[in-house]
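The next block is target-v3.cif, given as mmCIF, C-alpha atoms and all ligand atoms.
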data_coords
#
loop_
_atom_site.label_atom_id
_atom_site.label_comp_id
_atom_site.auth_asym_id
_atom_site.auth_seq_id
_atom_site.Cartn_x
_atom_site.Cartn_y
_atom_site.Cartn_z
CA MET F 62 -2.69 17.78 42.88
CA ARG F 63 -0.11 16.10 40.67
CA TYR F 64 -0.25 16.79 36.98
CA GLN F 65 0.69 14.36 34.27
CA ALA F 66 1.26 15.86 30.84
CA PRO F 67 -0.63 14.05 28.08
CA LYS F 68 1.58 12.31 25.52
CA THR F 69 1.82 14.36 22.35
CA VAL F 70 1.27 12.51 19.08
CA LEU F 71 2.11 14.16 15.77
CA CYS F 72 -0.34 12.60 13.29
CA ILE F 73 0.67 12.96 9.63
CA HIS F 74 -2.28 11.83 7.48
CA ASP F 75 -4.87 13.23 5.16
CA LEU F 76 -8.06 14.74 6.53
CA SER F 77 -11.04 12.98 4.95
CA SER F 78 -13.88 15.02 6.37
CA LEU F 79 -16.79 12.64 5.76
CA GLY F 80 -16.62 8.86 5.82
CA ARG F 81 -14.92 8.19 9.16
CA CYS F 82 -11.31 7.65 8.25
CA SER F 83 -7.87 9.22 8.62
CA LEU F 84 -7.61 12.34 10.84
CA SER F 85 -11.39 12.45 11.37
CA VAL F 86 -11.18 9.31 13.49
CA ILE F 87 -7.58 9.51 14.67
CA GLY F 88 -7.98 12.86 16.47
CA PRO F 89 -11.04 11.88 18.52
CA VAL F 90 -9.65 8.45 19.40
CA LEU F 91 -6.27 9.69 20.61
CA ALA F 92 -7.85 12.55 22.56
CA ALA F 93 -10.30 10.14 24.21
CA MET F 94 -7.33 7.98 25.18
CA GLY F 95 -5.76 10.89 27.01
CA CYS F 96 -3.19 11.93 24.40
CA GLN F 97 -2.74 15.31 22.77
CA PRO F 98 -3.10 14.74 19.01
CA VAL F 99 -1.31 17.28 16.82
CA LEU F 100 -3.08 16.86 13.50
CA LEU F 101 -0.94 17.58 10.45
CA PRO F 102 -3.04 17.14 7.31
CA THR F 103 -1.14 16.38 4.12
CA ALA F 104 -4.30 16.92 2.06
CA ILE F 105 -7.95 17.66 2.64
CA PHE F 106 -10.53 15.38 1.03
CA SER F 107 -14.28 15.97 1.24
CA THR F 108 -14.58 12.16 1.66
CA HIS F 109 -12.25 9.17 1.45
CA THR F 110 -11.79 7.60 -2.00
CA GLY F 111 -13.48 4.32 -1.13
CA GLY F 112 -17.04 4.48 -2.41
CA LEU F 113 -18.48 7.99 -1.94
CA GLY F 114 -17.79 9.25 -5.44
CA GLN F 115 -15.14 11.73 -6.51
CA PRO F 116 -14.01 13.80 -3.50
CA ALA F 117 -13.09 17.48 -3.61
CA VAL F 118 -9.35 17.58 -2.88
CA GLN F 119 -7.11 20.34 -1.55
CA LEU F 120 -3.46 19.32 -1.41
CA CYS F 121 -1.48 20.94 1.42
CA HIS F 122 1.92 20.99 -0.29
CA GLY F 123 4.38 23.18 1.54
CA TYR F 124 2.16 23.44 4.63
CA GLY F 125 3.73 20.48 6.44
CA GLU F 126 7.30 21.78 6.25
CA GLY F 127 6.16 25.10 7.69
CA ALA F 128 4.26 23.36 10.46
CA LEU F 129 7.25 21.18 11.42
CA GLU F 130 9.50 24.21 11.49
CA HIS F 131 7.01 26.07 13.68
CA TYR F 132 6.77 23.17 16.17
CA ARG F 133 10.57 22.91 16.21
CA SER F 134 10.91 26.61 16.99
CA LEU F 135 8.42 26.22 19.87
CA GLY F 136 10.55 23.42 21.31
CA VAL F 137 7.52 21.18 21.87
CA GLN F 138 8.13 17.62 22.93
CA ILE F 139 6.72 15.09 20.48
CA ASP F 140 6.36 11.67 22.13
CA CYS F 141 5.12 9.81 19.08
CA ILE F 142 4.89 10.37 15.33
CA TYR F 143 2.17 8.38 13.65
CA THR F 144 1.90 8.43 9.86
CA GLY F 145 -0.75 7.00 7.53
CA TYR F 146 -2.08 7.86 4.11
CA LEU F 147 0.72 9.73 2.30
CA ALA F 148 -0.39 10.34 -1.26
CA SER F 149 2.83 11.81 -2.69
CA GLU F 150 6.58 11.42 -2.42
CA GLU F 151 6.62 14.89 -0.89
CA ASP F 152 4.39 13.62 1.94
CA GLN F 153 6.66 10.62 2.47
CA HIS F 154 9.65 12.98 2.72
CA LEU F 155 7.72 15.14 5.19
CA ALA F 156 7.20 12.10 7.43
CA ALA F 157 10.91 11.19 7.16
CA ARG F 158 11.80 14.76 8.07
CA ALA F 159 9.60 14.62 11.17
CA PHE F 160 11.33 11.35 12.18
CA TYR F 161 14.69 13.07 11.79
CA GLN F 162 13.54 16.15 13.73
CA TRP F 163 12.30 14.15 16.76
CA PRO F 164 14.59 11.10 16.96
CA GLU F 165 13.37 10.22 20.46
CA ALA F 166 9.71 9.93 19.38
CA LEU F 167 8.08 6.54 18.95
CA LYS F 168 7.68 6.23 15.16
CA VAL F 169 4.56 4.37 14.05
CA VAL F 170 3.95 3.88 10.32
CA ASP F 171 0.64 2.63 9.00
CA PRO F 172 1.66 2.10 5.36
CA VAL F 173 -1.76 2.93 3.92
CA MET F 174 -1.51 1.98 0.25
CA ALA F 175 -3.70 -0.97 -0.56
CA ASP F 176 -6.31 -3.51 0.50
CA HIS F 177 -8.02 -6.62 -0.85
CA GLY F 178 -5.02 -7.36 -3.10
CA ARG F 179 -5.01 -3.97 -4.84
CA PHE F 180 -3.40 -0.57 -4.50
CA TYR F 181 -5.67 2.37 -3.70
CA ALA F 182 -6.06 4.79 -6.61
CA GLY F 183 -2.82 6.66 -7.25
CA MET F 184 -0.74 4.64 -4.76
CA GLU F 185 0.87 2.16 -7.20
CA ASP F 186 4.16 4.05 -7.44
CA LYS F 187 4.44 4.92 -3.73
CA LEU F 188 5.76 1.49 -2.69
CA PRO F 189 9.53 2.24 -2.73
CA GLY F 190 9.04 5.38 -0.63
CA MET F 191 6.80 3.50 1.81
CA GLN F 192 9.37 0.71 2.12
CA ALA F 193 12.02 3.33 2.96
CA LEU F 194 9.75 4.97 5.56
CA CYS F 195 9.03 1.60 7.16
CA ARG F 196 12.78 1.02 7.49
CA SER F 197 13.07 4.14 9.65
CA ALA F 198 10.04 3.32 11.85
CA ASP F 199 9.85 1.59 15.25
CA LEU F 200 6.54 -0.10 14.45
CA ILE F 201 4.63 -0.75 11.23
CA LEU F 202 0.96 -1.69 10.92
CA PRO F 203 0.25 -3.06 7.43
CA ASN F 204 -2.83 -5.02 6.44
CA LEU F 205 -2.25 -8.34 4.66
CA THR F 206 -2.11 -6.77 1.18
CA GLU F 207 0.28 -4.02 2.30
CA ALA F 208 2.49 -6.55 4.11
CA CYS F 209 2.83 -8.65 0.95
CA PHE F 210 3.49 -5.58 -1.21
CA LEU F 211 6.13 -4.32 1.26
CA LEU F 212 7.80 -7.74 1.21
CA GLU F 213 7.36 -8.02 -2.58
CA GLU F 214 5.65 -11.38 -2.07
CA GLU F 215 2.61 -12.97 -3.68
CA LEU F 216 -0.56 -12.72 -1.62
CA PRO F 217 -1.32 -16.04 0.10
CA GLN F 218 -4.23 -17.92 -1.47
CA GLY F 219 -7.01 -18.81 0.96
CA GLU F 220 -6.71 -19.15 4.71
CA LEU F 221 -3.62 -18.82 6.89
CA ASP F 222 -2.76 -21.04 9.81
CA GLU F 223 -1.11 -19.73 12.95
CA SER F 224 2.43 -20.55 11.91
CA ALA F 225 1.99 -18.90 8.48
CA ALA F 226 0.58 -15.79 10.20
CA ARG F 227 3.49 -15.62 12.64
CA ALA F 228 6.02 -16.23 9.85
CA LEU F 229 4.55 -13.40 7.74
CA ALA F 230 4.79 -10.94 10.64
CA GLY F 231 8.31 -12.19 11.36
CA ARG F 232 9.48 -11.52 7.80
CA LEU F 233 8.46 -7.87 8.26
CA ASN F 234 11.19 -7.58 10.89
CA ALA F 235 13.59 -7.35 7.94
CA LEU F 236 12.06 -3.88 7.44
CA CYS F 237 11.19 -2.82 10.98
CA PRO F 238 11.88 -4.10 14.51
CA GLN F 239 8.17 -4.36 15.38
CA ALA F 240 5.25 -5.17 13.08
CA VAL F 241 1.58 -6.04 13.38
CA VAL F 242 -0.19 -7.40 10.28
CA THR F 243 -3.97 -7.02 10.25
CA GLY F 244 -6.79 -8.69 8.34
CA LEU F 245 -5.42 -12.23 8.23
CA PRO F 246 -8.13 -14.73 7.23
CA MET F 247 -8.01 -17.66 9.66
CA GLY F 248 -11.17 -19.73 9.29
CA ARG F 249 -13.96 -18.25 11.43
CA TYR F 250 -11.59 -15.53 12.53
CA LEU F 251 -9.84 -12.45 11.24
CA ALA F 252 -6.50 -12.22 12.95
CA CYS F 253 -3.61 -9.84 13.58
CA ALA F 254 -0.11 -11.24 13.92
CA GLY F 255 2.65 -9.37 15.70
CA ALA F 256 6.41 -9.73 15.66
CA GLY F 257 9.12 -7.92 17.54
CA ARG F 258 9.95 -8.10 21.21
CA ASP F 259 6.97 -10.42 21.56
CA ALA F 260 5.31 -12.56 18.87
CA PHE F 261 1.57 -13.15 19.02
CA VAL F 262 -1.66 -13.78 17.13
CA VAL F 263 -4.89 -11.99 18.14
CA ARG F 264 -8.18 -13.31 16.72
CA ARG F 265 -11.66 -11.84 16.44
CA LEU F 266 -14.75 -13.51 14.97
CA ARG F 267 -14.97 -12.67 11.30
CA LEU F 268 -17.87 -10.46 10.22
CA ASP F 269 -19.14 -10.36 6.67
CA ARG F 270 -19.02 -6.55 6.55
CA SER F 271 -16.03 -4.42 5.72
CA TYR F 272 -15.75 -0.66 6.17
CA PRO F 273 -13.30 2.05 5.15
CA GLY F 274 -11.41 3.64 8.03
CA THR F 275 -11.26 0.61 10.30
CA GLY F 276 -7.50 0.42 9.70
CA ASP F 277 -7.15 3.99 10.98
CA LEU F 278 -9.36 3.25 13.96
CA PHE F 279 -7.28 0.16 14.74
CA ALA F 280 -3.96 1.95 14.42
CA ALA F 281 -5.09 4.94 16.50
CA VAL F 282 -6.34 2.77 19.38
CA LEU F 283 -3.21 0.63 19.23
CA THR F 284 -0.97 3.73 19.33
CA GLY F 285 -2.91 5.24 22.24
CA ALA F 286 -2.72 1.95 24.14
CA LEU F 287 1.04 1.68 23.57
CA LEU F 288 1.53 5.23 24.84
CA ARG F 289 -0.33 4.24 27.99
CA GLY F 290 2.39 1.69 28.58
CA ASN F 291 0.75 -1.47 27.25
CA ALA F 292 2.78 -4.20 25.57
CA LEU F 293 2.28 -4.49 21.81
CA SER F 294 0.20 -7.66 22.17
CA ALA F 295 -2.15 -6.03 24.70
CA ALA F 296 -2.41 -2.87 22.58
CA THR F 297 -3.26 -5.00 19.52
CA ASP F 298 -5.92 -6.88 21.49
CA ALA F 299 -7.48 -3.60 22.67
CA ALA F 300 -7.47 -2.19 19.13
CA ALA F 301 -8.97 -5.32 17.55
CA GLY F 302 -11.63 -5.38 20.28
CA PHE F 303 -12.56 -1.74 19.77
CA VAL F 304 -12.89 -2.16 15.99
CA ALA F 305 -15.04 -5.28 16.45
CA ASP F 306 -17.26 -3.43 18.95
CA ALA F 307 -17.58 -0.44 16.60
CA ILE F 308 -18.64 -2.71 13.71
CA ALA F 309 -21.14 -4.45 15.99
CA ALA F 310 -22.53 -1.03 17.01
CA THR F 311 -23.12 -0.02 13.35
CA ASP F 312 -26.54 -0.62 11.79
CA PRO F 313 -25.87 -3.39 9.25
CA THR F 314 -28.38 -1.84 6.85
CA ALA F 315 -26.46 1.49 6.73
CA SER F 316 -24.15 2.11 3.78
CA THR F 317 -20.71 0.73 4.67
CA ALA F 318 -19.06 3.64 2.79
CA PHE F 319 -19.82 5.98 5.71
CA GLY F 320 -17.71 3.91 8.09
CA VAL F 321 -18.37 2.48 11.54
CA TRP F 322 -20.37 4.24 14.24
CA PHE F 323 -17.51 4.51 16.70
CA GLU F 324 -18.46 7.86 18.25
CA PRO F 325 -20.81 6.56 20.97
CA LEU F 326 -18.08 4.12 22.07
CA LEU F 327 -15.34 6.70 22.62
CA GLY F 328 -16.05 6.79 26.35
CA ARG F 329 -14.75 3.21 26.60
CA LEU F 330 -11.32 4.45 25.55
CA THR F 331 -10.96 7.14 28.19
CA PRO F 332 -8.58 6.33 31.02
CA GLY F 333 -10.75 4.34 33.45
CA GLY F 334 -13.61 4.17 30.89
CA ARG F 335 -15.65 1.02 30.22
O1 LIG C 1 -8.38 4.98 5.64
C1 LIG C 1 -7.50 5.02 4.61
C2 LIG C 1 -7.72 6.18 3.70
C3 LIG C 1 -7.24 7.42 4.04
N1 LIG C 1 -7.42 8.50 3.27
C4 LIG C 1 -8.08 8.41 2.10
C5 LIG C 1 -8.59 7.19 1.69
C6 LIG C 1 -8.41 6.05 2.49
C7 LIG C 1 -8.97 4.76 2.10
O2 LIG C 1 -9.75 4.64 1.19
O3 LIG C 1 -9.26 7.12 0.54
C8 LIG C 1 -8.26 9.65 1.27
#
Hey, can you dump this file as structure tokens for me?
Amino acid sequence: MRYQAPKTVLCIHDLSSLGRCSLSVIGPVLAAMGCQPVLLPTAIFSTHTGGLGQPAVQLCHGYGEGALEHYRSLGVQIDCIYTGYLASEEDQHLAARAFYQWPEALKVVDPVMADHGRFYAGMEDKLPGMQALCRSADLILPNLTEACFLLEEELPQGELDESAARALAGRLNALCPQAVVTGLPMGRYLACAGAGRDAFVVRRLRLDRSYPGTGDLFAAVLTGALLRGNALSAATDAAAGFVADAIAATDPTASTAFGVWFEPLLGRLTPGGR
């Protein structure tokens, strides 16, 4: 019997317990994909902040530094560091410190700050820190709003065509060598555009429903697919497909605030799963 060690992914995000976002989806997805997720919560929320009322919040200040130091003392190999919702400058510094501590790790930054043209509550002043973190990443995964905020550009009005989508992703290379922008409105489609070693546009039929946490689901599947050795374009295609399938598997009459019903589909992500 030959053993192959699972890739270890240090995931620095909040833990929103109910509502299917952040570490609550990232852990299961990466584990299903054959990785070992090391979940480092920056804060604990009873729910996400997107439509389930006022969550109970427990900040984890000071915890992250201790956890990084502990992992360093154990000498564990970290193959990838994947960061998301970082609600304070302290959390942004924690992510930068992890990057410094494991320079060989693949550094994936999902600059969770904003959507639909607006910052999430309390994220307005986190832009400079997020721009700095993106500059030290290998790959960034902004949605359209976050991409425009990172680039300090106006949001495009209306639909994008393929060349505008590619150009937007390409401009992000000024910040980071590889970028995938999600949520690009292209007629009947919602598209992702990638730039880096390869440039591509991936389209999926547009649905009239939008759910919190789908960005986390997308980024987790994409990261797991990259760690399996896929090219960025193939990983993006797999992630967009999984999110579309999870939306399709969610009862359209259920409250969107509780997220997509991805759990029964996790088997499709396992190595050899379908
Ligand atoms: O999925 C992004 C996210 C993460 N964490 C919290 C959030 C959100 C989006 O609303 O509120 C706490």
Margin query: Residues within 9 Å of region 158-168 of chain F, please, as a PyMOL selection string. Count only C-alpha atoms; anything in the same chain fewer than 4 positions from it doesn't count.
Written below: chain F and resi 70-71+126+129+133+138-144+153-154+197-201+288
Box in all listed atoms of region 260-267 of chain F, axis-aligned, with 3 Å more on each side; write out centre and edge lengths in Å to one decimal as JSON.
{"center_x": -4.8, "center_y": -12.8, "center_z": 15.2, "size_x": 26.3, "size_y": 7.9, "size_z": 13.7}
To check your reading of the model: which residues sit at most 6 Å from ligand LIG 1 (chain C) when counting all atoms listed in the file? Write the answer as a compact mmCIF listing (two decimals) with C-alpha atoms, in the coordinates of the input.
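Printed below is part_11.txt as written:
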# COMPACT_ATOMS: atom_id res chain seq x y z
CA ASP F 75 -4.87 13.23 5.16
CA SER F 77 -11.04 12.98 4.95
CA CYS F 82 -11.31 7.65 8.25
CA SER F 83 -7.87 9.22 8.62
CA HIS F 109 -12.25 9.17 1.45
CA THR F 110 -11.79 7.60 -2.00
CA GLY F 111 -13.48 4.32 -1.13
CA TYR F 146 -2.08 7.86 4.11
CA PRO F 273 -13.30 2.05 5.15
CA GLY F 274 -11.41 3.64 8.03
CA ASP F 277 -7.15 3.99 10.98
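Closest approach to Ala156 (chain F) among F:Met184, F:Ala235, F:Cys72, F:Val304: F:Cys72, based on only C-alpha atoms.
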Next item on the list: Using all atoms listed in the file, collect all residues at a distance of at most 10 Å from (-12.8, 9.9, 10.5) as written in the file, then present them as a PyMOL selection string.
Entry: chain F and resi 76-90+108-109+273-275+277-278+319-321+323-324
Next item on the list: Find the distance between CA of Pro172 (chain F) and CA of Ala310 (chain F) and write it in Å to one decimal.
Entry: 27.0 Å
Notebook entry, point to check: So how many Å separate CA of Ala104 (chain F) and CA of Ala318 (chain F), to one decimal?
Noted result: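 For CA of Ala104 (chain F) relative to CA of Ala318 (chain F), the distance reads 19.9 Å.
In this structure, CA of Gly95 (chain F) sits 27.6 Å away from CA of Ser107 (chain F).
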Notebook entry, point to check: Nearest to Gln97 (chain F): which of F:Pro217, F:Gly285, F:Pro332, F:Gly231 is it, counting all atoms listed in the file?
Noted result: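 Ranking F:Pro217, F:Gly285, F:Pro332, F:Gly231 by distance to Gln97 (chain F), first place goes to F:Gly285.
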Margin query: List as a PyMOL selection string the protein and nucleic acid residues near Trp322 (chain F), meaning an atom at most 8 Å away when all atoms listed in the file are counted, but skip any in the same chain fewer than 5 places from it.
Written below: chain F and resi 307-308+310-311
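Using all atoms listed in the file, the shortest contact distance between Thr243 (chain F) and any of F:Pro203, F:Pro98, F:Gly219, F:Gly125 is found at F:Pro203.
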Checklist line | Which residue of F:Asp152, F:Asp269, F:Asp259, F:Asp298 approaches Gly190 (chain F) most closely, using only C-alpha atoms | finding: F:Asp152
